[in-house]
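Colleague: Take a look at model-v6.cif, mmCIF, C-alpha atoms:
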```
data_run
#
loop_
_atom_site.label_atom_id
_atom_site.label_comp_id
_atom_site.auth_asym_id
_atom_site.auth_seq_id
_atom_site.Cartn_x
_atom_site.Cartn_y
_atom_site.Cartn_z
CA MET V 1 0.00 0.00 0.00
CA ILE V 2 1.42 3.37 -1.06
CA SER V 3 0.75 6.18 1.44
CA GLU V 4 0.86 9.96 1.00
CA ALA V 5 4.25 9.96 2.77
CA ASP V 6 5.47 7.34 0.30
CA LEU V 7 4.32 9.51 -2.62
CA LYS V 8 6.15 12.53 -1.19
CA HIS V 9 9.43 10.61 -1.04
CA LEU V 10 8.90 9.03 -4.46
CA ARG V 11 8.31 12.48 -5.97
CA ARG V 12 11.66 13.53 -4.51
CA CYS V 13 13.25 10.49 -6.17
CA VAL V 14 11.84 11.58 -9.54
CA GLU V 15 13.23 15.10 -8.90
CA LEU V 16 16.64 13.58 -8.19
CA ALA V 17 16.38 11.50 -11.37
CA GLU V 18 15.69 14.68 -13.32
CA THR V 19 18.70 16.32 -11.67
CA ALA V 20 20.85 13.39 -12.81
CA LEU V 21 19.54 13.80 -16.36
CA GLU V 22 20.23 17.55 -16.29
CA LYS V 23 23.82 16.76 -15.22
CA GLY V 24 24.26 14.42 -18.18
CA ASP V 25 23.62 11.18 -16.34
CA GLU V 26 21.02 8.42 -16.44
CA PRO V 27 17.78 9.42 -14.67
CA PHE V 28 17.68 7.54 -11.39
CA GLY V 29 17.24 8.97 -7.90
CA SER V 30 16.84 7.44 -4.44
CA VAL V 31 16.11 8.49 -0.85
CA LEU V 32 16.72 6.69 2.47
CA VAL V 33 14.13 7.45 5.17
CA SER V 34 14.28 6.42 8.83
CA ALA V 35 11.46 4.67 10.66
CA ALA V 36 10.59 8.09 12.14
CA GLY V 37 10.20 9.59 8.65
CA GLU V 38 13.48 11.53 8.60
CA VAL V 39 15.32 11.75 5.27
CA LEU V 40 18.78 10.40 6.07
CA PHE V 41 20.47 10.27 2.66
CA GLU V 42 19.62 10.98 -0.95
CA ASP V 43 21.50 10.65 -4.20
CA HIS V 44 21.17 10.25 -7.95
CA ASN V 45 23.01 8.24 -10.59
CA HIS V 46 26.70 8.99 -11.23
CA VAL V 47 27.47 6.50 -14.01
CA ALA V 48 28.25 9.01 -16.78
CA GLY V 49 31.94 8.95 -15.82
CA GLY V 50 32.14 5.29 -16.81
CA ASP V 51 31.76 3.52 -13.45
CA HIS V 52 28.42 1.78 -13.87
CA THR V 53 28.31 0.75 -10.20
CA GLN V 54 27.62 4.34 -9.11
CA HIS V 55 23.90 3.82 -8.58
CA PRO V 56 22.11 5.80 -5.84
CA GLU V 57 20.67 2.64 -4.26
CA PHE V 58 24.18 1.22 -3.89
CA ALA V 59 25.35 4.52 -2.35
CA ILE V 60 22.45 4.30 0.13
CA ALA V 61 23.43 0.76 1.13
CA ARG V 62 27.05 1.86 1.71
CA TRP V 63 26.00 4.95 3.67
CA ALA V 64 23.57 2.97 5.82
CA ALA V 65 26.13 0.26 6.59
CA ASN V 66 28.57 2.92 7.77
CA ASN V 67 26.16 5.20 9.63
CA MET V 68 23.28 3.14 11.04
CA ALA V 69 22.90 0.25 13.43
CA LEU V 70 21.48 -2.92 11.89
CA GLU V 71 18.17 -2.50 13.75
CA GLU V 72 17.80 1.05 12.39
CA ARG V 73 18.59 -0.14 8.87
CA SER V 74 15.98 -2.90 9.04
CA LYS V 75 13.28 -0.35 9.90
CA ALA V 76 14.33 2.21 7.26
CA THR V 77 12.73 2.55 3.83
CA VAL V 78 14.51 3.06 0.53
CA TYR V 79 12.54 5.01 -2.06
CA THR V 80 13.70 5.00 -5.64
CA SER V 81 12.60 6.21 -9.04
CA GLY V 82 13.34 2.81 -10.58
CA GLU V 83 13.32 -0.69 -9.14
CA HIS V 84 16.73 -1.85 -7.94
CA CYS V 85 18.98 -3.67 -10.39
CA PRO V 86 20.36 -7.02 -9.14
CA MET V 87 23.57 -5.34 -7.88
CA CYS V 88 21.63 -2.80 -5.83
CA SER V 89 19.17 -5.42 -4.59
CA ALA V 90 22.06 -7.50 -3.30
CA ALA V 91 23.67 -4.46 -1.63
CA HIS V 92 20.31 -3.62 -0.03
CA GLY V 93 19.98 -7.18 1.27
CA TRP V 94 23.57 -7.39 2.55
CA ALA V 95 23.18 -4.02 4.34
CA GLY V 96 20.01 -5.27 6.02
CA LEU V 97 17.83 -2.41 4.85
CA GLY V 98 14.06 -2.61 5.18
CA ARG V 99 11.21 -1.82 2.82
CA ILE V 100 11.75 -0.73 -0.79
CA VAL V 101 9.27 1.50 -2.63
CA TYR V 102 9.78 2.29 -6.31
CA ALA V 103 8.04 4.48 -8.88
CA SER V 104 8.79 2.31 -11.93
CA SER V 105 9.73 -1.34 -12.30
CA SER V 106 12.68 -2.94 -14.06
CA GLU V 107 10.19 -4.69 -16.34
CA GLN V 108 8.68 -1.34 -17.32
CA LEU V 109 12.11 0.13 -17.99
CA ALA V 110 13.14 -2.80 -20.17
CA GLY V 111 9.92 -2.41 -22.18
CA TRP V 112 10.38 1.33 -22.62
CA LEU V 113 13.97 0.94 -23.74
CA SER V 114 12.98 -1.78 -26.20
CA GLU V 115 10.27 0.51 -27.63
CA MET V 116 12.92 3.23 -28.03
CA GLY V 117 15.27 0.87 -29.84
CA VAL V 118 17.86 0.90 -27.05
CA ALA V 119 19.98 -2.25 -26.81
CA PRO V 120 19.29 -4.32 -23.69
CA SER V 121 21.67 -4.23 -20.73
CA ARG V 122 24.27 -6.95 -20.24
CA VAL V 123 22.81 -7.45 -16.75
CA ARG V 124 19.55 -9.37 -16.52
CA ASN V 125 16.51 -7.70 -15.05
CA LEU V 126 15.53 -9.49 -11.86
CA ALA V 127 12.75 -8.50 -9.53
CA ILE V 128 14.02 -7.44 -6.12
CA GLU V 129 12.22 -10.43 -4.59
CA ASP V 130 14.30 -12.73 -6.84
CA VAL V 131 17.47 -11.38 -5.19
CA ILE V 132 16.39 -10.70 -1.58
CA LYS V 133 14.38 -13.60 -0.19
CA ASP V 134 12.51 -11.62 2.49
CA ALA V 135 12.15 -8.27 0.72
CA VAL V 136 9.20 -6.00 1.48
CA VAL V 137 8.54 -4.17 -1.78
CA ASP V 138 5.87 -1.78 -3.07
CA GLY V 139 5.60 -0.37 -6.58
CA PRO V 140 5.28 0.63 -9.29
CA VAL V 141 3.21 3.81 -9.00
CA PRO V 142 1.57 4.47 -12.40
CA GLU V 143 1.49 8.30 -12.36
CA LEU V 144 5.14 8.53 -11.32
CA ALA V 145 6.19 5.70 -13.63
CA GLU V 146 4.99 7.81 -16.56
CA GLN V 147 7.20 10.68 -15.37
CA VAL V 148 10.17 8.31 -15.15
CA ARG V 149 9.40 7.02 -18.65
CA GLU V 150 9.52 10.59 -19.95
CA LEU V 151 12.94 11.13 -18.33
CA HIS V 152 14.27 8.03 -20.10
CA ARG V 153 12.71 9.19 -23.36
CA ARG V 154 14.53 12.53 -22.97
CA LEU V 155 17.80 10.73 -22.22
CA HIS V 156 17.65 8.54 -25.29
CA ALA V 157 16.30 11.31 -27.57
CA THR V 158 19.69 12.99 -27.13
CA GLY V 159 21.49 9.89 -28.43
CA ARG V 160 23.09 9.04 -25.09
#
```
Show how you would write the structure in this file as structure tokens.
Modeller:
Amino acid sequence: MISEADLKHLRRCVELAETALEKGDEPFGSVLVSAAGEVLFEDHNHVAGGDHTQHPEFAIARWAANNMALEERSKATVYTSGEHCPMCSAAHGWAGLGRIVYASSSEQLAGWLSEMGVAPSRVRNLAIEDVIKDAVVDGPVPELAEQVRELHRRLHATGR
């Protein structure tokens, strides 16, 4: 179930994704929120420099592992504009983070990119639940997924 608080944080993720796009990067953004509702960390994609591991969800997992107790991590929520890739899902699971809420799914993204004629990724799309056995996941959110789709359309319209 997606709450109004969830929507607020997901909208911020879409804003961060747009910031990434404006900076010449792929449009992904993520936010880490404590059990009390405090935004603890936020980031966007930084893969344009060539290091394709610089995803915001991975940065969140690293930050949480270094700055939060395991119990705090397990009660925190990660919000993201796009469903975690397998690398980020694994990092999320290893860090012991809690719920994941995403605006658009990996399956949606793969479909959009195919429609745009973009070659598929070398990394398989796997649902978060296929990587983390006890994941609590909510998404996608149709109205925000359409905004994310538009960001990807803008990215690939520029030939990047």
Colleague: The PyMOL selection byres ((chain V and resi 144) around 8) - which residues does that actually catch in the file I just gave you? List them as a VMD selection string.
Modeller: chain V and resid 10 to 11 14 103 to 104 141 to 143 145 to 148
Colleague: May I have the centre and edge lengths, in Å to one decimal, of an axis-aligned box around the listed atoms of range 66-71 of chain V with 4 Å added to every side, as lines of an AutoDock Vina configuration file?
Modeller:
```
center_x = 23.4
center_y = 1.1
center_z = 10.8
size_x = 18.4
size_y = 16.1
size_z = 14.0
```
Colleague: Let me know the residues the PyMOL selection byres ((chain V and resi 75-83) around 9) catches in the file above, as a PyMOL selection string.
Modeller: chain V and resi 6+9-17+27-37+56-57+60+70-74+84-85+89+92+97-107+109+127-128+139-140+144-145+148
Colleague: Closest to Arg149 in chain V among V:Pro86, V:Gly111, V:Gly49, V:Gly96, using only C-alpha atoms?
Modeller: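 Nearest to Arg149 in chain V: V:Gly111.
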Colleague: For Met116 in chain V, which of V:Asp138, V:Asp51, V:Glu18, V:Glu150 is the closest residue, counting only C-alpha atoms?
Modeller: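 Of all the options, V:Glu150 lies closest to Met116 in chain V.
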Colleague: Could you state the separation of CA of Gly117 in chain V and CA of Ala20 in chain V in Å, given to one decimal place?
Modeller: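 Atom-to-atom, CA of Gly117 in chain V and CA of Ala20 in chain V are spaced 21.9 Å apart.
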Colleague: Determine the nearest neighbour of Leu155 in chain V from the options V:Met87, V:Leu21, V:Leu126, V:Val137, counting all atoms listed in the file.
Modeller: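 Checking each of V:Met87, V:Leu21, V:Leu126, V:Val137 against Leu155 in chain V, counting all atoms listed in the file, the winner is V:Leu21.
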Colleague: I'd like the interatomic distance between CA of His46 in chain V and CA of Lys133 in chain V, to a tenth of an Å.
Modeller: 28.0 Å
Colleague: Just to confirm, what's the straight-line distance from CA of Glu26 in chain V to CA of Arg154 in chain V in Å (one decimal)?
Modeller: 10.1 Å
Colleague: Would you pick out the contacts of Glu115 in chain V at 12 Å or less, using only C-alpha atoms, so that residues sharing its chain but fewer than 3 positions from it are not included, and give the list as a ChimeraX atom specification?
Modeller: /V:108-112,118-120,149,152-153,156
Colleague: Ranking V:Val136, V:Arg122, V:Leu40, V:Gly93 by minimum distance to Ala61 in chain V and counting all atoms listed in the file, which one comes first?
Modeller: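 Checking each of V:Val136, V:Arg122, V:Leu40, V:Gly93 against Ala61 in chain V, counting all atoms listed in the file, the winner is V:Gly93.
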